[in-house]
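Chemist: Dropping a structure here in structure tokens format, bear with me for questions.
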Amino acid sequence: MSKIKEEFRDDEEVKDEPGWLPGWWMGIFYFTIAFSVYFTIDYHLIRNWTQEKQFAEEYKSAPAAVEETITLKADGSNPFRGNNAAVSEGEKMFRTMCSACHKPDGTGLIGPNLMDKEWLHGASDKEIYSLILTGVPQDKMKQKKSPIGGPPSPMPPKGGAPISDTKILKIMAWLAEKNSSLIPAK
Amino acid sequence: MTPWYEKLSKKVEDNAFKLGLWTTIAILVGGLIEIPPLFLQGSVKKIDNVKPYSALELAGRDVYQEEGCFYCHSQMIRPFKWETDRWDPTRSYGDTPYSKAGEYVYDHPFLWGSKRIGPDLAHEAALRGSDAWQVKHLIDPRETSPDSIMPAYPHLFESDNLVDPEGIQDRMNALKTIGVPYSEQEIQGAAAIVKGKTKGDALVAYLLKLGRDTKQK
Amino acid sequence: MDEKINYDNEIVRKFVLATLLWGVVSLLIGVIIAFQMIFPEVNVHPWLSFGRLRPVHTNGIIFGFTGGAIFATIYYAVPRLLKTPMWSSALANVQFWMFNLTIVLAALSLMAGFTQSKEYAELEWPIDLLIVVWWVILAVNFIMTLKNRKEKHIYVAVWFLFSMIITIAVLYLVNNAAIPVSLTKSYSIYSGVIDANIHWWYGHNAVAFFLTTPLLAMMYYYLPKHTRLPIFSHRISIIHFWSLIFLYIWAGPHHLLYSPVPNWLQTVGMLFSLMLIAPSWGGMLNGFLTLTQAKEKLRTDATLKFILVSLTFYGMSTLEGPLMAIRDVNSLSHYTDWTIGHVHAGGLGWVHGICAASIYYLVPRLWNTNLHSEKLAETHFWVSTVGILLYVVSMWVSGVTEGLMWRAVDAAGNLQYPSWVEIVNELFPYRLVRALGGVLFLSGFIIMIVNVLKTIKTAGSGYKPVDLREGVKASA
């Protein structure tokens with residue numbers, strides 16, 4: 001940098017003009033101020049809005065998640081058995097929702113292997129369906145050792161996943177497809 | 001004709017002291033109105049069940065910070081049904097299963113995060129309460145969650161990557177001076193509790209504390 | 001005009017080079033973490049994992065790159081506007097070296113995992129103290145120069161810089177209050193909700209007073225200098241300066257909508273964000289209306305193009321921001337990639353645009369030579385603009401997609417996408433495009449560095465300023 005013997009002199013002054021305030025611009029400003037006053041009065045002073053109240057209403061008015069049109073057949077078997085669309089959707093759901101504990105191929109990680117002939121809590125659709133809905137708490141656990149070694153884990157209801165009953169049945173349809181020892185009914 | 005604000009401004013434009021003074025005043029007002037009220041008694045509603053982090057959990061919280069977990073995981077569930085259904089699917093947190101101020105009173109600093117690249121962790125204890133799963137997932141996220149984009153943290157579980165037993169007492173003492181109610185006994189016993197634990201063990205202990213105290217069933 | 005004022009250009013040259021260095025490093029890290037989000041294998045080492053590198057990227061860009069350009073402007077523009085050299089060249093040099101030491105220490109300590117874990121305030125307390133020292137040095141030098149000024153009237157660019165120096169000091173001291181445990185560890189003295197509120201008061205105003213007001217100062221200086229045209233309206237400057245700095249401070253809680261902070265605070269954050277639209281647009285208007293007087297030159301002048309696009313992104317971001325601060329919009333945008341897109345529209349569009357224009361203005365004058373290649377500057381402009389568009393648009397789509405998927409429910413009211421990974425997979429193509437946009441942008445930046453380095457090689461050959469008012473005729 002030392003080779004810059006003579007500096008360039010950048011001395012020209014910066015100027016501005018008085019100019020004017022564009023009306024539409026000030027209009028936006030006044031409008032946002034007026035709106036803010038209106039909003040505060042309407043939301044907080046008149047309607048006394050709070051996010052807690054909003055949630056309570058939303059929670060109350062939401063359709064009940066349990067009201068499902070599809071459930072087990074009269075004989076207790078899974079209506080989606082053999083339904084190809086349901087099976088492939090079930091496979092996708094299993095991979096994303098259940099594989100965390102049962103491994104993507106269903107052979108078990110900290111949850112038991114679902115691809116063998118051994119069913120710890122019953123092998124029928126009805127038994128497995130209610131097991132998934134309620135989960136397996138610590139004291140009801142029959143698994144001695146998890147497939148990856150070490151102590152097994154209790155299963156939370158629906159595996160702890162926010163998953164609908166219909167989707168559970170589709171997952172079971174896939175399971176039944178892969179593992180014939182899961183029987184429709186006793 | 002010169003408008004009033006231009007005349008007013010002229011005085012400040014020619015006087016550096018006034019410019020600095022009025023700028024300082026202008027930028028202080030908002031903060032003074034927004035910040036002090038939260039320090040008032042009762043502005044944060046306490047939740048009795050919420051307890052401070054144990055020695056190992058605190059060590060884990062420090063690991064959580066070191067690794068920058070909060071850049072991808074939030075710890076604040078907003079009051080929307082679609083959020084509470086996702087992170088309280090089994091309705092274990094009562095009628096108001098969103099995050100509340102009282103849950104965070106011992107959080108120095110807060111770790112709410114601002115971006116969910118991964119899921120929220122505020123209810124982790126209820127959702128994935130198995131330590132075996134947590135260990136497995138941290139060592140290789142893609143083994144438990146195919147297609148996960150989370151980095152793997154096997155090094156946290158190496159036998160030489162341990163929590164510093166003396167350091168944890170200093171940390172608890174520091175937190176005690178700023179109001180976290182640790183007893184002398186807890187601090188004395190802390191070193192023994194974390195001794196020999198890997199950073200990974202501590203992190204898992206912390207994850208399993210998230211949402212544990214407020215879970216109702 | 002006093003011909004003999006001895007301005008120190010050496011310190012400005014140093015800051016310009018530091019800006020380029022920290023810029024390219026931070027952008028490179030940005031590109032790496034963009035790829036980590038689509039290919040987790042790119043997390044090759046514990047020190048280089050996403051969670052460690054993200055703060056290096058953000059701190060490097062904000063404080064290293066933008067800071068460098070701001071300080072270069074302070075040491076170049078302020079003495080000229082006040083017609084007196086900086087009060088102390090020595091202090092300026094001390095600040096320069098402490099500033100660079102800070103950035104190096106910041107990068108190393110963040111990669112080592114030493115962090116206060118508050119976004120953009122991650123640096124641990126010893127580095128915080130170092131920053132306080134050089135910030136005070138900067139402030140003293142700035143204030144003493146103001147005191148010694150030979151020009152009575154203080155130009156609007158200096159107001160904006162002054163507001164930065166004051167406000168950043170206040171924000172920094174309050175938000176970084178922490179109890180040290182060891183040299184590398186401390187805990188915020190605030191907890192939970194209080195900490196969140198104070199932090200976003202800081203975080204939002206770091207955007208305001210580090211990434212906005214000093215950049216406006218740069219616009220108010222380089223635009224009239226480069227075009228040799230007067231700024232359109234001093235009256236707009238007055239209204240938008242005072243309303244901007246007064247209102248900005250209140251807007252922090254819009255980062256905490258639908259959180260456990262009190263409802264009234266959230267509403268204040270939302271409404272003050274809306275009221276910020278006009279004050280923010282004041283700066284854009286003054287820039288645009290000045291530019292319209294030079295519009296025939298826009299076709300051929302890369303520096304002006306950068307300013308134009310920069311102001312466009314500034315106007316867009318300062319409208320988008322307030323919209324995202326509206327509760328209902330925020331319920332969709334918060335926690336999503338939309339926020340990332342918004343930040344980068346401001347960062348890549350506005351901040352980088354003004355900084356690039358400044359660099360193209362400064363380099364020929366500082367090294368007293370003509371710019372190596374106007375063509376390369378033009379290439380830089382187009383490559384980076386396409387990069388920004390790819391980045392911002394892909395993040396908009398990605399953000400809205402994930403926001404909608406999170407809340408989608410089926411007829412029975414159940415979540416339609418209960419699996420998180422399924423949503424992540426859906427975002428893959430957008431995040432890939434984002435990463436490619438980042439690569440383009442980085443390439444543009446490297447083109448600028450090459451251009452600057454080649455220019456420096458011919459230092460001292462004599463700079464001949466082009467009169468833009470006659471530019472069209474001269475080149476025809």
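Ordering of the structure tokens sets the chain letters (A, B, ...); residue numbers start at 1 within each chain; ligands are numbered from 1 in the order shown.
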Using only C-alpha atoms, tabulate the residues of chain A lying at most 6 Å from any atom of chain C, each with its closest atom pair and that distance in Å to one decimal, by chain and increasing residue number, as a tab-separated table.
Modeler:
```
residue	atom	partner	partner_atom	distance
A:Ile4	CA	C:Gly460	CA	4.5
A:Phe8	CA	C:Asn368	CA	5.3
A:Lys15	CA	C:Pro230	CA	4.7
A:Asp16	CA	C:Ile231	CA	4.2
A:Glu17	CA	C:Ser233	CA	5.3
A:Pro18	CA	C:His234	CA	4.8
A:Gly19	CA	C:Ser233	CA	3.9
A:Trp20	CA	C:Ser233	CA	5.9
A:Leu21	CA	C:Ile236	CA	5.8
A:Phe29	CA	C:Ala278	CA	5.0
A:Thr32	CA	C:Met275	CA	5.1
A:Ile33	CA	C:Met275	CA	5.9
A:Ser36	CA	C:Leu271	CA	5.6
A:Pro63	CA	C:Gly413	CA	5.5
A:Ala65	CA	C:Gly413	CA	5.6
A:Thr96	CA	C:Ser419	CA	5.8
A:Met97	CA	C:Ser419	CA	5.9
A:Pro162	CA	C:Pro418	CA	5.6
A:Ser164	CA	C:Asn414	CA	5.9
```
Chemist: Quick one: write out the picked residues with N, CA, C and O atoms as an mmCIF file, in the first residue's frame?
Modeler:
```
data_model
loop_
_atom_site.group_PDB
_atom_site.id
_atom_site.type_symbol
_atom_site.label_atom_id
_atom_site.label_comp_id
_atom_site.auth_asym_id
_atom_site.auth_seq_id
_atom_site.Cartn_x
_atom_site.Cartn_y
_atom_site.Cartn_z
ATOM 1 N N ILE A 4 1.208 3.931 -2.900
ATOM 2 C CA ILE A 4 0.293 5.010 -3.255
ATOM 3 C C ILE A 4 0.928 6.314 -2.799
ATOM 4 O O ILE A 4 0.769 6.740 -1.665
ATOM 5 N N PHE A 8 -5.741 10.151 -3.728
ATOM 6 C CA PHE A 8 -6.830 10.800 -4.451
ATOM 7 C C PHE A 8 -7.624 11.652 -3.467
ATOM 8 O O PHE A 8 -7.988 11.168 -2.391
ATOM 9 N N LYS A 15 -24.665 16.938 -0.662
ATOM 10 C CA LYS A 15 -25.744 17.909 -0.439
ATOM 11 C C LYS A 15 -27.084 17.182 -0.339
ATOM 12 O O LYS A 15 -27.247 16.085 -0.850
ATOM 13 N N ASP A 16 -28.016 17.823 0.311
ATOM 14 C CA ASP A 16 -29.391 17.370 0.164
ATOM 15 C C ASP A 16 -30.280 18.585 -0.002
ATOM 16 O O ASP A 16 -29.887 19.707 0.296
ATOM 17 N N GLU A 17 -31.450 18.340 -0.541
ATOM 18 C CA GLU A 17 -32.386 19.428 -0.770
ATOM 19 C C GLU A 17 -33.519 19.338 0.233
ATOM 20 O O GLU A 17 -33.782 18.260 0.764
ATOM 21 N N PRO A 18 -34.203 20.451 0.515
ATOM 22 C CA PRO A 18 -35.309 20.366 1.471
ATOM 23 C C PRO A 18 -36.350 19.349 1.006
ATOM 24 O O PRO A 18 -36.862 18.572 1.799
ATOM 25 N N GLY A 19 -36.632 19.346 -0.300
ATOM 26 C CA GLY A 19 -37.589 18.383 -0.839
ATOM 27 C C GLY A 19 -38.945 18.522 -0.185
ATOM 28 O O GLY A 19 -39.288 19.565 0.363
ATOM 29 N N TRP A 20 -39.706 17.452 -0.245
ATOM 30 C CA TRP A 20 -41.019 17.491 0.410
ATOM 31 C C TRP A 20 -41.360 16.089 0.905
ATOM 32 O O TRP A 20 -40.663 15.121 0.610
ATOM 33 N N LEU A 21 -42.443 15.998 1.683
ATOM 34 C CA LEU A 21 -42.891 14.709 2.188
ATOM 35 C C LEU A 21 -44.006 14.208 1.278
ATOM 36 O O LEU A 21 -45.057 14.827 1.213
ATOM 37 N N PHE A 29 -48.107 6.235 7.099
ATOM 38 C CA PHE A 29 -47.656 6.400 8.483
ATOM 39 C C PHE A 29 -48.854 6.694 9.402
ATOM 40 O O PHE A 29 -49.065 6.012 10.406
ATOM 41 N N THR A 32 -51.124 3.599 9.808
ATOM 42 C CA THR A 32 -50.650 2.533 10.711
ATOM 43 C C THR A 32 -50.780 2.972 12.168
ATOM 44 O O THR A 32 -51.070 2.156 13.041
ATOM 45 N N ILE A 33 -50.587 4.277 12.417
ATOM 46 C CA ILE A 33 -50.736 4.756 13.798
ATOM 47 C C ILE A 33 -52.208 4.660 14.219
ATOM 48 O O ILE A 33 -52.530 4.122 15.287
ATOM 49 N N SER A 36 -53.244 1.145 14.811
ATOM 50 C CA SER A 36 -52.715 0.607 16.069
ATOM 51 C C SER A 36 -53.579 1.013 17.245
ATOM 52 O O SER A 36 -53.847 0.210 18.148
ATOM 53 N N PRO A 63 -63.183 -30.758 15.913
ATOM 54 C CA PRO A 63 -63.868 -32.052 15.834
ATOM 55 C C PRO A 63 -63.133 -33.077 16.696
ATOM 56 O O PRO A 63 -61.903 -33.095 16.737
ATOM 57 N N ALA A 65 -61.231 -36.014 17.864
ATOM 58 C CA ALA A 65 -60.330 -36.853 17.088
ATOM 59 C C ALA A 65 -60.734 -38.317 17.125
ATOM 60 O O ALA A 65 -60.365 -39.098 16.266
ATOM 61 N N THR A 96 -42.083 -43.848 8.926
ATOM 62 C CA THR A 96 -41.857 -42.534 9.527
ATOM 63 C C THR A 96 -42.269 -42.472 10.999
ATOM 64 O O THR A 96 -41.667 -41.759 11.773
ATOM 65 N N MET A 97 -43.302 -43.230 11.384
ATOM 66 C CA MET A 97 -43.813 -43.074 12.744
ATOM 67 C C MET A 97 -43.328 -44.164 13.698
ATOM 68 O O MET A 97 -43.185 -43.919 14.880
ATOM 69 N N PRO A 162 -48.690 -38.463 17.115
ATOM 70 C CA PRO A 162 -50.009 -37.870 16.892
ATOM 71 C C PRO A 162 -50.669 -38.485 15.675
ATOM 72 O O PRO A 162 -50.727 -37.896 14.611
ATOM 73 N N SER A 164 -53.791 -40.878 13.692
ATOM 74 C CA SER A 164 -55.213 -41.203 13.775
ATOM 75 C C SER A 164 -55.440 -42.715 13.803
ATOM 76 O O SER A 164 -54.574 -43.496 13.414
#
```
Chemist: Provide as a list of chain:residue names the residues of chain B at most 6 Å from chain C, counting only C-alpha atoms.
Modeler: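 Here is what falls inside 6 Å: B:Glu13, B:Asp14, B:Ala26, B:Ile27, B:Gly30, B:Gln65, B:Glu66, B:Glu67, B:Gly68, B:Cys69, B:Arg78, B:Trp82, B:Lys100, B:Ala101, B:Tyr104, B:Val105, B:Asp107, B:His108, B:Pro109, B:Phe110, B:Ser114, B:Lys115, B:Arg116, B:Ile149, B:Pro151, B:Arg171.
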Chemist: Show me, as a ChimeraX atom specification, every residue of chain B with an atom at most 10 Å from chain A, counting only C-alpha atoms.
Modeler: /B:2,6,78-82,84-90,95-98,126-133,136-137,141-148
Chemist: Would you work out the distance separating atom CA of C:Ala357 from atom CA of C:Phe306, expressed in Å to one decimal?
Modeler: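 So the two atoms, atom CA of C:Ala357 and atom CA of C:Phe306, lie 5.8 Å apart.
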Chemist: Between atom CA of C:Leu442 and atom CA of C:Ile70, what is the distance, to one decimal in Å?
Modeler: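 Interatomic distance, atom CA of C:Leu442 to atom CA of C:Ile70: 20.5 Å.
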Chemist: Interatomic distance between atom CA of B:Gln41 and atom CA of A:Thr50?
Modeler: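 Distance reported for this atom pair: 20.9 Å.
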Chemist: I need the helix (DSSP H, G or I) residues of stretch 67-209 of chain B per DSSP on the backbone, written as a ChimeraX atom specification.
Modeler: /B:69-71,81-87,101-104,124-127,131-139,141-144,154-157,165-177,184-194,199-207
Chemist: Excluding same-chain residues fewer than 5 positions from C:Ile74, what lies within 10 Å of it counting only C-alpha atoms, as a list in words?
Modeler: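 My list of contacting residues is Val12, Gly68, Ala69, Pro79, Arg80, Met86, Leu138, Phe142, Ala157, Val158, Leu161, Phe162, Pro214, Ala217 and Met218 of chain C.
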Chemist: Could you write those residues out with N, CA and C atoms, as a PDB file, in the first residue's frame?
Modeler:
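Result saved to part.pdb:
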```pdb
ATOM      1  N   VAL C  12      -8.944   3.042   6.357  1.00  0.00           N
ATOM      2  CA  VAL C  12     -10.099   2.629   5.562  1.00  0.00           C
ATOM      3  C   VAL C  12      -9.713   1.455   4.664  1.00  0.00           C
ATOM      4  N   GLY C  68     -17.166  -4.565   9.341  1.00  0.00           N
ATOM      5  CA  GLY C  68     -16.004  -4.046   8.623  1.00  0.00           C
ATOM      6  C   GLY C  68     -16.391  -2.921   7.680  1.00  0.00           C
ATOM      7  N   ALA C  69     -17.470  -3.137   6.923  1.00  0.00           N
ATOM      8  CA  ALA C  69     -17.899  -2.124   5.962  1.00  0.00           C
ATOM      9  C   ALA C  69     -18.390  -0.858   6.682  1.00  0.00           C
ATOM     10  N   PRO C  79     -14.963  11.860   8.692  1.00  0.00           N
ATOM     11  CA  PRO C  79     -14.027  12.992   8.625  1.00  0.00           C
ATOM     12  C   PRO C  79     -14.349  13.932   7.466  1.00  0.00           C
ATOM     13  N   ARG C  80     -14.766  13.375   6.339  1.00  0.00           N
ATOM     14  CA  ARG C  80     -15.053  14.219   5.187  1.00  0.00           C
ATOM     15  C   ARG C  80     -16.324  15.036   5.397  1.00  0.00           C
ATOM     16  N   MET C  86     -10.125  12.161  11.613  1.00  0.00           N
ATOM     17  CA  MET C  86     -10.545  11.487  12.840  1.00  0.00           C
ATOM     18  C   MET C  86      -9.695  12.014  13.981  1.00  0.00           C
ATOM     19  N   LEU C 138     -14.071   3.282  19.806  1.00  0.00           N
ATOM     20  CA  LEU C 138     -14.717   3.817  18.610  1.00  0.00           C
ATOM     21  C   LEU C 138     -15.585   5.029  18.970  1.00  0.00           C
ATOM     22  N   PHE C 142     -15.202   8.809  17.721  1.00  0.00           N
ATOM     23  CA  PHE C 142     -16.307   9.372  16.950  1.00  0.00           C
ATOM     24  C   PHE C 142     -16.795  10.688  17.575  1.00  0.00           C
ATOM     25  N   ALA C 157     -26.205  11.219   7.407  1.00  0.00           N
ATOM     26  CA  ALA C 157     -25.457   9.960   7.541  1.00  0.00           C
ATOM     27  C   ALA C 157     -24.827   9.857   8.931  1.00  0.00           C
ATOM     28  N   VAL C 158     -24.361  11.002   9.435  1.00  0.00           N
ATOM     29  CA  VAL C 158     -23.723  10.984  10.759  1.00  0.00           C
ATOM     30  C   VAL C 158     -24.752  10.717  11.853  1.00  0.00           C
ATOM     31  N   LEU C 161     -25.166   6.971  12.029  1.00  0.00           N
ATOM     32  CA  LEU C 161     -24.010   6.294  12.621  1.00  0.00           C
ATOM     33  C   LEU C 161     -23.958   6.537  14.132  1.00  0.00           C
ATOM     34  N   PHE C 162     -24.273   7.762  14.524  1.00  0.00           N
ATOM     35  CA  PHE C 162     -24.281   8.105  15.954  1.00  0.00           C
ATOM     36  C   PHE C 162     -25.309   7.237  16.683  1.00  0.00           C
ATOM     37  N   PRO C 214     -26.759   2.003  10.204  1.00  0.00           N
ATOM     38  CA  PRO C 214     -25.466   2.322   9.581  1.00  0.00           C
ATOM     39  C   PRO C 214     -25.487   2.106   8.070  1.00  0.00           C
ATOM     40  N   ALA C 217     -26.917   5.069   6.617  1.00  0.00           N
ATOM     41  CA  ALA C 217     -25.865   6.091   6.587  1.00  0.00           C
ATOM     42  C   ALA C 217     -25.001   5.911   5.346  1.00  0.00           C
ATOM     43  N   MET C 218     -24.671   4.660   5.041  1.00  0.00           N
ATOM     44  CA  MET C 218     -23.846   4.388   3.859  1.00  0.00           C
ATOM     45  C   MET C 218     -24.579   4.809   2.590  1.00  0.00           C
TER      46      MET C 218
END
```
Chemist: C:Lys454: which residues within 10 Å, counting only C-alpha atoms, same-chain residues fewer than 6 positions away excluded, as a VMD selection string?
Modeler: chain C and resid 371 to 373 448
Chemist: Which one of A:Lys117, A:Lys167, A:Arg9, A:His44 sits closest to C:Gln266 if you count only C-alpha atoms?
Modeler: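 Ranking A:Lys117, A:Lys167, A:Arg9, A:His44 by distance to C:Gln266, first place goes to A:His44.
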Chemist: Out of B:Cys72, B:Val204, B:Met172, B:Val50, which residue has the shortest atom-to-atom distance to B:Ile117 when counting only C-alpha atoms?
Modeler: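 Smallest distance to B:Ile117 is found for B:Cys72.
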